[in-house]
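Asks: Provided herewith: protein_33.txt, compact mmCIF, C-alpha atoms.
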# COMPACT_ATOMS: atom_id res chain seq x y z
CA MET A 7 0.00 0.00 0.00
CA SER A 8 1.52 3.29 -1.05
CA ILE A 9 1.38 6.36 1.09
CA LYS A 10 -1.05 7.99 -1.36
CA SER A 11 -3.57 5.16 -1.23
CA VAL A 12 -3.50 5.16 2.54
CA PHE A 13 -4.15 8.86 2.44
CA ASP A 14 -6.94 8.36 -0.11
CA SER A 15 -8.68 5.62 1.78
CA GLY A 16 -8.34 7.58 5.00
CA TYR A 17 -9.75 10.65 3.28
CA LEU A 18 -12.68 8.64 1.93
CA LYS A 19 -13.29 7.12 5.32
CA LEU A 20 -13.23 10.59 6.82
CA LEU A 21 -15.64 11.84 4.16
CA ARG A 22 -18.00 8.94 4.80
CA SER A 23 -17.90 9.47 8.53
CA CYS A 24 -18.52 13.20 8.05
CA ALA A 25 -21.50 12.46 5.82
CA LYS A 26 -22.76 10.00 8.35
CA ILE A 27 -22.32 12.46 11.19
CA GLU A 28 -24.02 15.20 9.19
CA PHE A 29 -26.90 12.89 8.36
CA LEU A 30 -27.30 11.99 12.00
CA THR A 31 -27.08 15.65 13.02
CA ASP A 32 -29.79 16.52 10.52
CA MET A 33 -32.03 13.81 11.87
CA GLY A 34 -31.20 14.93 15.41
CA CYS A 35 -32.04 18.53 14.55
CA SER A 36 -35.35 17.69 12.93
CA MET A 37 -36.29 15.38 15.79
CA GLU A 38 -35.39 18.12 18.22
CA TRP A 39 -37.56 20.57 16.30
CA ILE A 40 -40.48 18.18 16.29
CA GLU A 41 -40.00 17.59 20.00
CA LYS A 42 -39.83 21.33 20.60
CA ILE A 43 -43.02 21.98 18.63
CA GLY A 44 -44.73 19.10 20.41
CA ARG A 45 -43.61 20.41 23.79
CA SER A 46 -44.83 23.94 22.95
CA ILE A 47 -48.21 22.64 21.77
CA GLY A 48 -48.50 20.46 24.85
CA LYS A 49 -47.59 23.38 27.10
CA ALA A 50 -50.03 25.73 25.35
CA GLY A 51 -52.76 23.09 25.52
CA LYS A 52 -52.09 22.51 29.20
CA SER A 53 -52.14 26.25 29.90
CA PHE A 54 -55.38 26.67 27.92
CA GLY A 55 -56.94 23.74 29.77
CA GLY A 56 -55.75 25.18 33.07
CA THR A 57 -57.27 28.57 32.24
CA LEU A 58 -60.60 26.93 31.35
CA ALA A 59 -60.58 24.86 34.55
CA PHE A 60 -59.79 27.99 36.58
CA SER A 61 -62.62 29.82 34.78
CA GLY A 62 -64.99 27.03 35.76
CA LYS A 63 -63.97 27.32 39.41
CA VAL A 64 -64.40 31.11 39.34
CA LEU A 65 -67.83 30.84 37.70
CA ALA A 66 -68.94 28.32 40.31
CA ARG A 67 -67.82 30.70 43.08
CA MET A 68 -69.50 33.66 41.40
CA LEU A 69 -72.82 31.85 41.53
CA ARG A 70 -72.52 31.01 45.24
CA ARG A 71 -74.27 33.43 47.57
CA LYS A 72 -71.84 32.63 50.39
CA THR A 73 -69.00 34.15 48.37
CA TYR A 74 -70.30 37.68 48.86
CA SER A 75 -69.21 38.51 52.41
CA SER A 76 -68.93 42.10 53.58
CA ALA A 77 -65.18 42.05 52.82
CA THR A 78 -65.75 40.75 49.27
CA ARG A 79 -68.39 43.39 48.59
CA GLU A 80 -66.01 46.09 49.82
CA VAL A 81 -63.26 44.86 47.50
CA LEU A 82 -65.74 44.77 44.62
CA VAL A 83 -66.84 48.37 45.21
CA ASN A 84 -63.22 49.53 45.50
CA GLN A 85 -62.24 47.70 42.33
CA ILE A 86 -65.14 49.18 40.35
CA TYR A 87 -64.12 52.61 41.64
CA PHE A 88 -60.46 52.09 40.59
CA THR A 89 -61.33 50.67 37.18
CA SER A 90 -64.46 52.50 36.06
CA VAL A 91 -64.60 55.75 38.01
CA GLN A 92 -60.98 56.86 38.39
CA ILE A 93 -60.40 56.37 34.68
CA LEU A 94 -63.44 58.47 33.66
CA PRO A 95 -61.82 61.88 32.94
CA ALA A 96 -59.05 60.38 30.80
CA PHE A 97 -61.45 57.89 29.21
CA LEU A 98 -63.95 60.59 28.27
CA LEU A 99 -61.25 62.84 26.85
CA VAL A 100 -59.73 60.06 24.74
CA SER A 101 -63.19 58.82 23.72
CA ILE A 102 -64.28 62.28 22.51
CA LEU A 103 -61.05 62.80 20.54
CA PHE A 104 -60.95 59.31 19.08
CA SER A 105 -64.67 59.01 18.29
CA SER A 106 -64.82 62.46 16.65
CA LEU A 107 -61.86 61.60 14.48
CA LEU A 108 -63.19 58.17 13.60
CA VAL A 109 -66.77 59.23 12.89
CA GLY A 110 -65.59 62.27 10.92
CA ILE A 111 -63.30 60.20 8.69
CA VAL A 112 -65.80 57.35 8.19
CA PHE A 113 -68.66 59.75 7.28
CA GLN A 114 -66.44 61.65 4.86
CA VAL A 115 -65.31 58.41 3.17
CA LEU A 116 -68.93 57.22 2.88
CA LYS A 117 -69.90 60.53 1.30
CA ASP A 118 -66.95 60.44 -1.14
CA PHE A 119 -67.83 56.91 -2.28
CA GLY A 120 -71.55 57.70 -2.53
CA LEU A 121 -72.42 55.18 0.17
CA THR A 122 -74.47 57.59 2.23
CA GLU A 123 -77.38 55.15 2.59
CA PHE A 124 -75.12 52.68 4.47
CA PHE A 125 -73.96 55.11 7.09
CA GLY A 126 -76.40 53.85 9.75
CA HIS A 127 -75.29 50.25 9.27
CA VAL A 128 -71.62 51.24 9.33
CA LEU A 129 -72.08 53.29 12.47
CA MET A 130 -74.09 50.67 14.39
CA GLY A 131 -72.77 47.43 12.92
CA LEU A 132 -69.10 48.26 12.77
CA ILE A 133 -68.20 51.21 14.94
CA VAL A 134 -70.60 50.78 17.87
CA THR A 135 -70.72 47.00 18.19
CA GLU A 136 -67.18 46.16 17.08
CA LEU A 137 -64.86 49.08 17.76
CA SER A 138 -66.33 50.20 21.12
CA PRO A 139 -65.55 46.92 22.90
CA ILE A 140 -62.05 46.84 21.39
CA PHE A 141 -61.37 50.40 22.51
CA ALA A 142 -62.60 49.67 26.05
CA VAL A 143 -60.71 46.39 26.24
CA LEU A 144 -57.49 48.12 25.22
CA LEU A 145 -57.82 50.79 27.88
CA ILE A 146 -58.82 48.38 30.65
CA THR A 147 -56.08 45.92 29.73
CA LEU A 148 -53.40 48.58 29.66
CA ARG A 149 -54.52 50.24 32.87
CA SER A 150 -56.16 47.63 35.10
CA ALA A 151 -55.23 44.16 33.88
CA SER A 152 -51.52 44.96 34.06
CA ALA A 153 -52.01 46.43 37.55
CA ILE A 154 -53.89 43.33 38.71
CA ASN A 155 -51.17 41.10 37.29
CA VAL A 156 -48.42 42.96 39.17
CA GLU A 157 -50.52 43.22 42.35
CA MET A 158 -51.08 39.45 42.49
CA ALA A 159 -47.45 38.65 41.72
CA VAL A 160 -46.12 41.06 44.35
CA MET A 161 -48.60 39.79 46.95
CA LYS A 162 -47.42 36.26 46.25
CA SER A 163 -43.75 37.27 46.47
CA ASN A 164 -44.29 39.17 49.73
CA ARG A 165 -46.09 36.18 51.27
CA GLU A 166 -49.23 38.29 51.64
CA LEU A 167 -51.33 35.55 50.05
CA LYS A 168 -50.01 33.21 52.73
CA THR A 169 -51.18 35.77 55.30
CA LEU A 170 -54.71 35.58 53.93
CA GLU A 171 -54.62 31.79 53.95
CA THR A 172 -53.30 31.79 57.52
CA PHE A 173 -56.27 33.86 58.62
CA ARG A 174 -58.57 31.46 56.74
CA ILE A 175 -59.57 34.02 54.13
CA ASP A 176 -60.40 32.30 50.88
CA LEU A 177 -58.28 33.77 48.07
CA MET A 178 -60.87 32.94 45.45
CA ASN A 179 -63.66 34.72 47.36
CA TYR A 180 -61.65 37.68 48.56
CA LEU A 181 -59.23 38.38 45.69
CA VAL A 182 -60.32 36.64 42.51
CA VAL A 183 -64.13 36.90 42.30
CA PRO A 184 -64.48 40.66 43.01
CA ARG A 185 -61.76 41.53 40.50
CA ILE A 186 -63.34 39.41 37.78
CA ILE A 187 -66.85 40.76 38.38
CA ASN A 188 -65.34 44.24 38.29
CA GLY A 189 -63.70 43.42 34.95
CA MET A 190 -67.02 42.32 33.48
CA VAL A 191 -69.01 45.26 34.85
CA SER A 192 -66.36 47.83 33.88
CA MET A 193 -66.02 46.48 30.37
CA VAL A 194 -69.78 46.66 29.75
CA LEU A 195 -70.04 50.16 31.27
CA LEU A 196 -67.00 51.69 29.57
CA SER A 197 -67.79 50.13 26.22
CA SER A 198 -71.36 51.47 26.42
CA LEU A 199 -70.04 54.89 27.40
CA PHE A 200 -67.71 54.91 24.41
CA ALA A 201 -70.61 53.93 22.13
CA ILE A 202 -72.72 56.79 23.55
CA VAL A 203 -69.89 59.31 22.99
CA LEU A 204 -69.46 57.94 19.49
CA MET A 205 -73.14 58.30 18.64
CA ALA A 206 -73.19 61.80 20.13
CA SER A 207 -70.30 62.87 17.93
CA GLY A 208 -72.19 61.22 15.07
CA VAL A 209 -74.96 63.81 15.56
CA LEU A 210 -72.43 66.58 15.06
CA PHE A 211 -70.68 65.10 12.03
CA SER A 212 -73.89 63.91 10.31
CA GLY A 213 -75.08 67.53 10.52
CA LEU A 214 -71.78 68.92 9.22
CA ILE A 215 -71.06 66.38 6.47
CA PHE A 216 -74.52 65.17 5.35
CA ASP A 217 -76.49 68.22 6.48
CA MET A 218 -78.71 65.83 8.44
CA SER A 219 -81.14 66.82 11.20
CA VAL A 220 -81.09 65.10 14.60
CA ASP A 221 -84.48 63.43 13.95
CA VAL A 222 -83.32 61.92 10.66
CA TYR A 223 -80.07 60.77 12.31
CA ARG A 224 -82.03 59.13 15.14
CA ASN A 225 -84.40 57.37 12.72
CA ILE A 226 -81.53 56.05 10.61
CA LEU A 227 -79.78 54.73 13.70
CA LEU A 228 -82.93 53.04 15.01
CA ASN A 229 -83.64 51.46 11.61
CA SER A 230 -80.13 50.10 11.32
CA THR A 231 -79.97 48.79 14.88
CA SER A 232 -79.97 45.05 15.19
CA PHE A 233 -80.69 44.08 18.79
CA SER A 234 -79.03 40.73 18.35
CA ASP A 235 -75.81 42.56 17.40
CA ILE A 236 -76.05 44.74 20.49
CA PHE A 237 -76.72 41.67 22.64
CA ILE A 238 -73.69 39.90 21.14
CA ALA A 239 -71.59 43.03 21.70
CA LEU A 240 -72.61 43.23 25.36
CA VAL A 241 -71.99 39.52 25.94
CA LYS A 242 -68.64 39.90 24.19
CA CYS A 243 -67.78 42.81 26.52
CA ALA A 244 -68.61 40.70 29.57
CA ILE A 245 -66.49 37.80 28.23
CA PHE A 246 -63.64 40.20 27.46
CA GLY A 247 -63.89 41.57 31.01
CA PHE A 248 -63.90 38.05 32.45
CA PHE A 249 -60.76 36.93 30.66
CA ILE A 250 -58.73 40.14 30.78
CA THR A 251 -58.89 39.96 34.56
CA LEU A 252 -58.82 36.19 35.00
CA ILE A 253 -55.64 35.63 32.97
CA PRO A 254 -53.53 38.27 34.79
CA ILE A 255 -54.71 36.87 38.14
CA ARG A 256 -53.84 33.33 37.12
CA PHE A 257 -50.40 34.35 35.90
CA GLY A 258 -49.81 36.61 38.92
CA LEU A 259 -50.49 33.67 41.24
CA ARG A 260 -47.70 31.74 39.49
CA ALA A 261 -45.04 34.07 40.92
CA THR A 262 -42.56 32.60 43.37
CA SER A 263 -41.09 34.11 46.53
CA GLU A 264 -38.33 35.67 44.41
CA LEU A 265 -39.01 39.19 43.15
CA THR A 266 -37.33 38.33 39.84
CA SER A 267 -40.32 36.12 39.01
CA VAL A 268 -42.63 39.17 38.96
CA PRO A 269 -41.66 40.56 35.50
CA VAL A 270 -41.71 37.04 34.05
CA VAL A 271 -45.28 36.30 35.13
CA VAL A 272 -46.45 39.82 34.22
CA SER A 273 -45.14 39.62 30.66
CA GLY A 274 -46.54 36.08 30.28
CA GLY A 275 -49.91 37.24 31.59
CA MET A 276 -50.12 40.24 29.30
CA VAL A 277 -49.18 38.25 26.19
CA ASN A 278 -51.87 35.73 27.05
CA VAL A 279 -54.42 38.50 27.59
CA PHE A 280 -53.64 39.77 24.09
CA LEU A 281 -54.13 36.26 22.66
CA ALA A 282 -57.41 35.88 24.56
CA VAL A 283 -58.68 39.20 23.17
CA LEU A 284 -57.86 38.02 19.64
CA ILE A 285 -59.55 34.64 20.14
CA ILE A 286 -62.71 36.19 21.62
CA GLU A 287 -62.88 38.75 18.79
CA VAL A 288 -62.57 36.04 16.13
CA LEU A 289 -65.18 33.87 17.88
CA SER A 290 -67.62 36.79 18.10
CA LEU A 291 -67.15 37.55 14.39
CA LEU A 292 -67.81 33.89 13.60
CA THR A 293 -70.95 34.01 15.75
CA LYS A 294 -72.14 36.99 13.73
CA LEU A 295 -71.41 35.26 10.43
CA LEU A 296 -73.27 32.12 11.49
CA MET B 12 -44.54 26.12 65.97
CA GLN B 13 -45.80 24.88 62.59
CA ARG B 14 -47.01 21.72 64.35
CA PHE B 15 -48.77 23.83 66.97
CA LEU B 16 -50.44 25.94 64.26
CA SER B 17 -51.63 22.93 62.30
CA THR B 18 -53.12 21.18 65.35
CA ASN B 19 -54.92 24.36 66.51
CA SER B 20 -55.64 25.81 63.09
CA THR B 21 -59.30 26.70 63.67
CA VAL B 22 -58.67 29.50 66.16
CA THR B 23 -54.96 30.30 65.93
CA ALA B 24 -54.07 33.84 64.98
CA PRO B 25 -50.36 34.33 64.33
CA VAL B 26 -48.28 37.44 64.88
CA SER B 27 -45.16 36.84 62.85
CA VAL B 28 -42.84 38.39 60.29
CA ASP B 29 -43.85 35.51 58.06
CA VAL B 30 -47.48 36.68 58.15
CA PRO B 31 -47.09 40.34 57.09
CA LEU B 32 -49.72 43.06 56.82
CA LEU B 33 -51.12 43.48 53.31
CA SER B 34 -49.06 46.25 51.74
CA ASN B 35 -51.83 47.48 49.40
CA GLN B 36 -54.19 48.26 52.27
CA ASP B 37 -53.96 50.62 55.21
CA VAL B 38 -53.77 49.37 58.79
CA ILE B 39 -57.47 49.77 59.57
CA MET B 40 -58.48 47.79 56.49
CA ASN B 41 -55.91 45.08 57.25
CA ILE B 42 -57.44 44.57 60.68
CA SER B 43 -61.13 45.09 59.94
CA LEU B 44 -60.87 42.59 57.07
CA ILE B 45 -60.91 39.73 59.61
CA LYS B 46 -64.23 40.82 61.14
CA GLU B 47 -65.74 41.64 57.75
CA TYR B 48 -64.79 38.30 56.26
CA HIS B 49 -65.40 35.91 59.17
CA GLU B 50 -68.36 37.58 60.85
CA ASN B 51 -69.80 39.43 57.82
CA MET B 52 -69.63 42.62 59.87
CA SER B 53 -70.33 45.79 57.88
CA LYS B 54 -67.39 47.98 56.93
CA LYS B 55 -68.64 50.79 59.17
CA ASP B 56 -69.03 48.60 62.28
CA ALA B 57 -65.77 46.78 61.70
CA SER B 58 -63.85 50.04 61.20
CA LEU B 59 -65.36 51.49 64.39
CA PHE B 60 -64.45 48.37 66.35
CA VAL B 61 -60.91 48.36 65.01
CA MET B 62 -60.47 52.08 65.67
CA GLN B 63 -61.35 51.50 69.34
CA GLY B 64 -58.71 48.77 69.49
CA LEU B 65 -56.12 51.02 67.86
CA GLN B 66 -56.94 53.76 70.39
CA ARG B 67 -56.50 51.32 73.28
CA LEU B 68 -53.10 50.37 71.91
CA GLY B 69 -52.21 54.03 71.38
CA ILE B 70 -51.70 53.72 67.64
CA ALA B 71 -54.87 55.36 66.29
CA HIS B 72 -52.68 57.76 64.32
CA VAL B 73 -51.47 54.92 62.06
CA ALA B 74 -54.98 53.78 61.10
CA TYR B 75 -54.69 55.13 57.56
CA LYS B 76 -50.99 54.37 57.06
CA ARG B 77 -49.69 51.41 55.15
CA ASN B 78 -47.21 48.75 56.28
CA PRO B 79 -43.95 50.32 54.99
CA ALA B 80 -44.73 53.59 56.81
CA LEU B 81 -44.96 51.94 60.26
CA THR B 82 -42.28 51.68 62.96
CA SER B 83 -41.49 48.21 64.33
CA GLU B 84 -43.55 48.85 67.48
CA GLU B 85 -46.54 50.14 65.49
CA ARG B 86 -46.29 47.18 63.14
CA PHE B 87 -46.18 44.72 66.04
CA ARG B 88 -49.22 46.28 67.68
CA ALA B 89 -51.16 46.38 64.41
CA MET B 90 -50.36 42.70 63.81
CA LEU B 91 -51.34 41.88 67.39
CA LEU B 92 -54.69 43.64 67.02
CA ARG B 93 -55.30 41.87 63.71
CA ALA B 94 -54.69 38.53 65.43
CA ALA B 95 -57.03 39.53 68.27
CA MET B 96 -59.81 40.15 65.74
CA VAL B 97 -60.14 36.38 65.22
CA LYS B 98 -63.09 35.21 67.30
CA ASP B 99 -61.99 33.33 70.48
CA ALA B 100 -58.45 33.86 69.30
CA LEU B 101 -55.52 31.75 70.37
CA ILE B 102 -52.79 34.27 69.60
CA VAL B 103 -49.43 32.83 68.63
CA ILE B 104 -46.56 35.29 68.70
CA ASP B 105 -43.67 33.94 66.68
CA ARG B 106 -40.24 35.28 67.71
CA PRO B 107 -41.38 38.78 68.75
CA PHE B 108 -37.81 40.04 68.88
CA LYS B 109 -37.56 39.35 65.17
CA ILE B 110 -40.40 41.85 64.65
CA ILE B 111 -39.00 44.46 67.08
CA SER B 112 -35.32 43.66 67.14
CA HIS B 113 -34.18 46.63 69.27
CA LEU B 114 -36.26 45.81 72.38
CA GLU B 115 -34.24 45.08 75.50
CA ASN B 116 -36.89 43.01 77.26
CA ALA B 117 -40.37 41.65 76.85
CA GLY B 118 -42.04 44.47 78.81
CA PHE B 119 -43.45 46.10 75.69
CA LEU B 120 -44.95 42.80 74.50
CA PHE B 121 -46.71 42.12 77.78
CA GLN B 122 -47.91 45.70 78.07
CA SER B 123 -49.40 45.47 74.56
CA LEU B 124 -51.09 42.17 75.41
CA SER B 125 -52.51 43.51 78.68
CA GLU B 126 -54.08 46.48 76.85
CA ILE B 127 -56.31 44.19 74.76
CA ASP B 128 -56.54 41.16 77.05
CA ASP B 129 -60.32 40.97 76.71
CA LEU B 130 -60.06 40.34 72.96
CA PHE B 131 -58.35 36.95 73.13
CA ILE B 132 -58.48 33.78 75.18
CA HIS B 133 -54.90 32.51 75.13
CA CYS B 134 -51.56 33.73 73.90
CA HIS B 135 -48.52 31.59 73.19
CA ILE B 136 -45.12 33.07 72.51
CA PHE B 137 -42.59 30.99 70.60
CA GLU B 138 -39.02 32.08 71.06
CA TYR B 139 -35.48 30.74 70.81
CA ARG B 140 -34.07 29.34 74.03
CA TRP B 141 -31.16 31.78 73.94
CA MET B 142 -33.58 34.71 74.21
CA LYS B 143 -34.77 33.46 77.62
CA GLU B 144 -33.07 36.30 79.47
CA LYS B 145 -35.20 38.91 77.77
CA TYR B 146 -38.35 37.38 79.27
CA GLY B 147 -36.98 37.33 82.85
CA ASP B 148 -39.20 35.58 85.38
CA LEU B 149 -42.10 35.31 82.94
CA CYS B 150 -40.50 32.35 81.21
CA LEU B 151 -41.99 28.87 81.79
Any chance you could give the structure as structure tokens?
Replies:
Amino acid sequence: MSIKSVFDSGYLKLLRSCAKIEFLTDMGCSMEWIEKIGRSIGKAGKSFGGTLAFSGKVLARMLRRKTYSSATREVLVNQIYFTSVQILPAFLLVSILFSSLLVGIVFQVLKDFGLTEFFGHVLMGLIVTELSPIFAVLLITLRSASAINVEMAVMKSNRELKTLETFRIDLMNYLVVPRIINGMVSMVLLSSLFAIVLMASGVLFSGLIFDMSVDVYRNILLNSTSFSDIFIALVKCAIFGFFITLIPIRFGLRATSELTSVPVVVSGGMVNVFLAVLIIEVLSLLTKLL
Amino acid sequence: MQRFLSTNSTVTAPVSVDVPLLSNQDVIMNISLIKEYHENMSKKDASLFVMQGLQRLGIAHVAYKRNPALTSEERFRAMLLRAAMVKDALIVIDRPFKIISHLENAGFLFQSLSEIDDLFIHCHIFEYRWMKEKYGDLCL
């Protein structure tokens, strides 16, 4: 065997082994990817199942009369004050600005495209029943859901939840139920308020753009109002309110005694709230289509 | 102490650094919460009752302060009153010198307890053996 042939055979052997290793690495990589995807789906499924199970527990507690002790009622009143009343000046200001802008632009576009006869349907079917809940959900999520998420996580880290348990105060009755009822009530109230502001600015812009009297505006609105749509919108608001408070609470309760766990559970909670809002919106649109 | 708490869990009311006041509520709400939750007492009645207790302990001025704004003595007394709000309370004070570390003896503890002695049935203090001196003759 010459030196060259040894080299050649060694080189070939090396090439073969490289190919083999590469092939195995490829397989390993793809298996790892599949495992990763499977793990993520499993984790998401488990989390979704956990959220549904937690929702069931909360609903059961909400329907129990015993849940509403004096302390729970006090928390509920305080929460409604923090979420629905304290926000009012800012909410009204933003609502007036946003609704005027929106209604003004939409009416002008309808006029430009000669779609004046559809303006009632657009106002009621799209702006009032679809955009009002989204606007309210955004404000409540940004202001209250994030605060609830942090509050729960910090209470868990500071062992304050353990304090409540030590004094035999049920966390579900005292902390969870009033916050979730507040979410539902506040969502319905603020969304309705936004719709009212929107319709009021509609009076102004219908007069300016279409030269329409208040009576004609009112008649058009009443004729284009579908009560089933309004019912769906209100139910959707309540469901939004339920989940945008339930998810931050659930994630907040996952915090550990270390303060570093607080930002982790807060970001997780807020991402999941966003996903829940998307899912509920899609489901409500499907309900409308069906 | 954990064993003691678990065997007497129905009426035990701990005073401990491990059972802190709720930081998002003021002192009066922290204490009246017990009456409101367990006895369904109205907020007004519970607040009035708690305010009387705070006055007896000489800390009425902290009623609307929150936990971080309290001194160690005020915190101890607030936690003691909260424990005394449990009906037929068996108060368990866990290492009181961990709550008020600068105290030289147990005089302050016993004075605080004597000021609200009608609000609880028994009180147990759990302490390290090496702190015995601070309790003087009162030690068992």
Asks: Would you mind listing, as a list of chain:residue names, all residues of chain B that have at least one atom within 7 Å of chain A, where only C-alpha atoms are what counts?
Replies: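 That gives B:Ala24, B:Val30, B:Pro31, B:Leu33, B:Leu44, B:Glu47, B:Tyr48, B:Asn51, B:Met52, B:Ser53, B:Lys54 for chain B.
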Asks: Report as a list in words all protein, DNA and RNA residues lying within 10 Å of A:Phe200, evaluated on only C-alpha atoms, omitting residues in the same chain fewer than 2 positions from it.
Replies: Phe97, Leu98, Val100, Ser101, Ile102, Phe104, Ser105, Val134, Leu137, Ser138, Pro139, Phe141, Ala142, Leu195, Leu196, Ser197, Ser198, Ile202, Val203, Leu204, Met205 and Ala206 of chain A
Asks: Quick check, in Å to one decimal: how far apart do atom CA of B:His49 and atom CA of A:Leu177 lie?
Replies: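 The value is 13.4 Å.
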Asks: Any idea what's packed within 12 Å of B:Lys76, counting all atoms listed in the file, ignoring anything in its chain fewer than 5 positions away? Could you give it as a VMD selection string?
Replies: chain B and resid 32 to 41 70 to 71 81 to 82 85 to 86 89
Asks: With C-alpha atoms kept, could you save the residues just selected as a short mmCIF file (atom, residue, chain, number, x, y, z; two decimals), in the frame of the given file?
Replies:
data_model
loop_
_atom_site.label_atom_id
_atom_site.label_comp_id
_atom_site.auth_asym_id
_atom_site.auth_seq_id
_atom_site.Cartn_x
_atom_site.Cartn_y
_atom_site.Cartn_z
CA LEU B 32 -49.72 43.06 56.82
CA LEU B 33 -51.12 43.48 53.31
CA SER B 34 -49.06 46.25 51.74
CA ASN B 35 -51.83 47.48 49.40
CA GLN B 36 -54.19 48.26 52.27
CA ASP B 37 -53.96 50.62 55.21
CA VAL B 38 -53.77 49.37 58.79
CA ILE B 39 -57.47 49.77 59.57
CA MET B 40 -58.48 47.79 56.49
CA ASN B 41 -55.91 45.08 57.25
CA ILE B 70 -51.70 53.72 67.64
CA ALA B 71 -54.87 55.36 66.29
CA LEU B 81 -44.96 51.94 60.26
CA THR B 82 -42.28 51.68 62.96
CA GLU B 85 -46.54 50.14 65.49
CA ARG B 86 -46.29 47.18 63.14
CA ALA B 89 -51.16 46.38 64.41
#
Asks: Within 12 Å of (-60.6, 40.7, 16.0) in the file's own coordinates, which protein, DNA or RNA residues have an atom, counting only C-alpha atoms? List them as JSON, numbers by chain.
Replies: {"A": [132, 136, 137, 139, 140, 141, 143, 242, 246, 280, 281, 282, 283, 284, 285, 286, 287, 288, 289, 290, 291, 292]}
Asks: Write stretch 133-149 of chain B as an mmCIF file, keeping the file's coordinate frame, completed to N, CA and C atoms.
Replies:
data_model
loop_
_atom_site.group_PDB
_atom_site.id
_atom_site.type_symbol
_atom_site.label_atom_id
_atom_site.label_comp_id
_atom_site.auth_asym_id
_atom_site.auth_seq_id
_atom_site.Cartn_x
_atom_site.Cartn_y
_atom_site.Cartn_z
ATOM 1 N N HIS B 133 -56.253 32.946 74.749
ATOM 2 C CA HIS B 133 -54.900 32.510 75.130
ATOM 3 C C HIS B 133 -53.884 33.191 74.233
ATOM 4 N N CYS B 134 -52.661 33.247 74.745
ATOM 5 C CA CYS B 134 -51.560 33.730 73.900
ATOM 6 C C CYS B 134 -50.330 32.868 74.143
ATOM 7 N N HIS B 135 -49.752 32.386 73.082
ATOM 8 C CA HIS B 135 -48.520 31.590 73.190
ATOM 9 C C HIS B 135 -47.412 32.357 72.492
ATOM 10 N N ILE B 136 -46.261 32.418 73.169
ATOM 11 C CA ILE B 136 -45.120 33.070 72.510
ATOM 12 C C ILE B 136 -44.067 31.995 72.223
ATOM 13 N N PHE B 137 -43.645 31.933 70.994
ATOM 14 C CA PHE B 137 -42.590 30.990 70.600
ATOM 15 C C PHE B 137 -41.299 31.778 70.417
ATOM 16 N N GLU B 138 -40.278 31.340 71.103
ATOM 17 C CA GLU B 138 -39.020 32.080 71.060
ATOM 18 C C GLU B 138 -37.835 31.120 71.154
ATOM 19 N N TYR B 139 -36.701 31.550 70.681
ATOM 20 C CA TYR B 139 -35.480 30.740 70.810
ATOM 21 C C TYR B 139 -35.077 30.665 72.279
ATOM 22 N N ARG B 140 -34.465 29.543 72.639
ATOM 23 C CA ARG B 140 -34.070 29.340 74.030
ATOM 24 C C ARG B 140 -33.065 30.401 74.490
ATOM 25 N N TRP B 141 -32.202 30.823 73.551
ATOM 26 C CA TRP B 141 -31.160 31.780 73.940
ATOM 27 C C TRP B 141 -31.688 33.211 74.168
ATOM 28 N N MET B 142 -32.972 33.399 73.949
ATOM 29 C CA MET B 142 -33.580 34.710 74.210
ATOM 30 C C MET B 142 -34.254 34.736 75.593
ATOM 31 N N LYS B 143 -34.091 33.637 76.336
ATOM 32 C CA LYS B 143 -34.770 33.460 77.620
ATOM 33 C C LYS B 143 -34.596 34.649 78.554
ATOM 34 N N GLU B 144 -33.395 35.176 78.567
ATOM 35 C CA GLU B 144 -33.070 36.300 79.470
ATOM 36 C C GLU B 144 -34.016 37.485 79.293
ATOM 37 N N LYS B 145 -34.370 37.738 78.065
ATOM 38 C CA LYS B 145 -35.200 38.910 77.770
ATOM 39 C C LYS B 145 -36.591 38.798 78.397
ATOM 40 N N TYR B 146 -37.013 37.570 78.690
ATOM 41 C CA TYR B 146 -38.350 37.380 79.270
ATOM 42 C C TYR B 146 -38.318 37.364 80.809
ATOM 43 N N GLY B 147 -37.133 37.303 81.401
ATOM 44 C CA GLY B 147 -36.980 37.330 82.850
ATOM 45 C C GLY B 147 -37.738 36.218 83.541
ATOM 46 N N ASP B 148 -38.490 36.577 84.568
ATOM 47 C CA ASP B 148 -39.200 35.580 85.380
ATOM 48 C C ASP B 148 -40.450 35.054 84.690
ATOM 49 N N LEU B 149 -40.843 35.696 83.604
ATOM 50 C CA LEU B 149 -42.100 35.310 82.940
ATOM 51 C C LEU B 149 -41.966 34.012 82.149
#
